[in-house]
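K.L.:
Okay, here's the structure, questions in a sec.
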Amino acid sequence: MAVTVRVPTQLRTLTGGAGEVQVEGGTVGEALHALDARHPGLAERVFGPDGQLRRFVNVFVAEEDVRFLDGLATPVADGQTISVVPAVAGGCG
């Protein structure tokens, strides 16, 4: 299944500046690993040593956080978009 992965600005140096990349995958995990296969270096920024998403990386499918779905096993349909969003912290004190 062809899906689109939206890549945050911080990781676009790894995708040659592309903000969106089409990959094949039936689940979020498959799609993110396919993205890393095409653009090496992404996996180490997105996945922790345990193979799960790093805590400061949020991933959404159809505007739903995959942590509240099936995580990396969340299915994606042909044509869906996966958004990788780094967590933002801080603010005015």
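If you're wondering about the labels, chains in the structure tokens are A, B, ... by order shown, residues count from 1 in each chain, ligands from 1 in order shown.
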List the neighbours of Leu32 of chain A out to 9 Å using only C-alpha atoms; skip same-chain residues closer than 4 positions along the sequence, and give me the result as a list in words.

P.N.:
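Once the nearby chain positions are removed, what remains is Val5, Val23, Gly25, Thr27, Val28, Asp36, Ala37, Leu42, Ala43, Val46, Leu72 and Ile82 of chain A.
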
K.L.:
Do you know which residues are at most 12 Å from Val76 of chain A counting only C-alpha atoms, after dropping those on the same chain fewer than 4 positions away, and could you put them as number ranges by chain?

P.N.:
A: 1-5, 23-32, 60-62, 64, 66, 69-72, 80-83

K.L.:
Go ahead and save the picked residues with C-alpha atoms, as a PDB file, in the first residue's frame.

P.N.:
```
ATOM      1  CA  MET A   1       0.000   0.000   0.000  1.00  0.00           C
ATOM      2  CA  ALA A   2       1.335   3.399  -0.928  1.00  0.00           C
ATOM      3  CA  VAL A   3       1.201   5.872   1.938  1.00  0.00           C
ATOM      4  CA  THR A   4       2.613   9.350   2.380  1.00  0.00           C
ATOM      5  CA  VAL A   5       4.863  10.155   5.322  1.00  0.00           C
ATOM      6  CA  VAL A  23       6.508   4.624   0.719  1.00  0.00           C
ATOM      7  CA  GLU A  24       4.924   1.181   0.821  1.00  0.00           C
ATOM      8  CA  GLY A  25       3.608  -0.253   4.067  1.00  0.00           C
ATOM      9  CA  GLY A  26       0.541  -1.815   5.573  1.00  0.00           C
ATOM     10  CA  THR A  27       1.273  -0.573   9.102  1.00  0.00           C
ATOM     11  CA  VAL A  28       2.860   2.528  10.578  1.00  0.00           C
ATOM     12  CA  GLY A  29       5.969   0.523  11.510  1.00  0.00           C
ATOM     13  CA  GLU A  30       6.362  -0.931   8.013  1.00  0.00           C
ATOM     14  CA  ALA A  31       5.996   2.512   6.453  1.00  0.00           C
ATOM     15  CA  LEU A  32       8.542   4.118   8.793  1.00  0.00           C
ATOM     16  CA  PHE A  60      -0.316  10.435  13.658  1.00  0.00           C
ATOM     17  CA  VAL A  61      -2.529   8.610  11.170  1.00  0.00           C
ATOM     18  CA  ALA A  62      -5.673  10.457  10.120  1.00  0.00           C
ATOM     19  CA  GLU A  64      -5.000  10.181  15.555  1.00  0.00           C
ATOM     20  CA  VAL A  66      -0.822   6.016  17.080  1.00  0.00           C
ATOM     21  CA  LEU A  69      -4.323   3.164  18.536  1.00  0.00           C
ATOM     22  CA  ASP A  70      -2.144   0.096  17.908  1.00  0.00           C
ATOM     23  CA  GLY A  71       1.230   1.856  18.015  1.00  0.00           C
ATOM     24  CA  LEU A  72       3.573   0.752  15.246  1.00  0.00           C
ATOM     25  CA  GLN A  80      -3.329   7.559   3.900  1.00  0.00           C
ATOM     26  CA  THR A  81      -0.897  10.044   5.396  1.00  0.00           C
ATOM     27  CA  ILE A  82       1.369   9.407   8.367  1.00  0.00           C
ATOM     28  CA  SER A  83       2.659  12.515  10.120  1.00  0.00           C
TER      29      SER A  83
END
```

K.L.:
For the atom pair atom CA of Glu20 of chain A and atom CA of Arg54 of chain A, what is the interatomic distance in Å to one decimal place?

P.N.:
20.5 Å

K.L.:
Quick one: pick out all strand (DSSP E) residues within segment 5-45 of chain A from a backbone DSSP run and write them as a ChimeraX atom specification.

P.N.:
/A:5-6,20-24

K.L.:
Run DSSP on the backbone and give me the residues of chain A it puts in helix (DSSP H, G or I), as a CSV table (one decimal) with C-alpha atoms, in the first residue's frame.

P.N.:
```
chain,number,residue,atom,x,y,z
A,9,THR,CA,11.7,20.0,9.2
A,10,GLN,CA,14.3,18.7,11.7
A,11,LEU,CA,14.6,15.4,9.7
A,28,VAL,CA,2.9,2.5,10.6
A,29,GLY,CA,6.0,0.5,11.5
A,30,GLU,CA,6.4,-0.9,8.0
A,31,ALA,CA,6.0,2.5,6.5
A,32,LEU,CA,8.5,4.1,8.8
A,33,HIS,CA,11.0,1.3,8.2
A,34,ALA,CA,10.5,1.7,4.4
A,35,LEU,CA,11.2,5.4,4.8
A,36,ASP,CA,14.4,4.6,6.6
A,37,ALA,CA,15.4,2.1,3.9
A,38,ARG,CA,15.1,4.9,1.3
A,42,LEU,CA,15.7,8.2,10.1
A,43,ALA,CA,15.2,5.1,12.1
A,44,GLU,CA,17.8,6.1,14.7
A,45,ARG,CA,16.0,9.4,15.2
A,46,VAL,CA,12.5,7.9,15.4
A,66,VAL,CA,-0.8,6.0,17.1
A,67,ARG,CA,0.0,5.6,20.8
A,68,PHE,CA,-3.7,5.6,21.4
A,71,GLY,CA,1.2,1.9,18.0
A,72,LEU,CA,3.6,0.8,15.2
A,73,ALA,CA,1.1,-2.0,14.4
```

K.L.:
List the spatial neighbours of His39 of chain A as a list in words - criterion: any atom at most 9 Å away, only C-alpha atoms, same-chain residues fewer than 6 positions off excluded.

P.N.:
Leu14, Thr15 and Gly16 of chain A

K.L.:
For atom CA of Val84 of chain A and atom CA of Phe56 of chain A, quote the distance in Å rounded to one decimal.

P.N.:
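Going from atom CA of Val84 of chain A over to atom CA of Phe56 of chain A covers 10.6 Å.
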
K.L.:
Of the residues A:Pro86, A:Pro75, A:Pro8, A:Gly41, which is the one nearest to Asn58 of chain A, using only C-alpha atoms?

P.N.:
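Under the stated criterion, the closest residue is A:Pro86.
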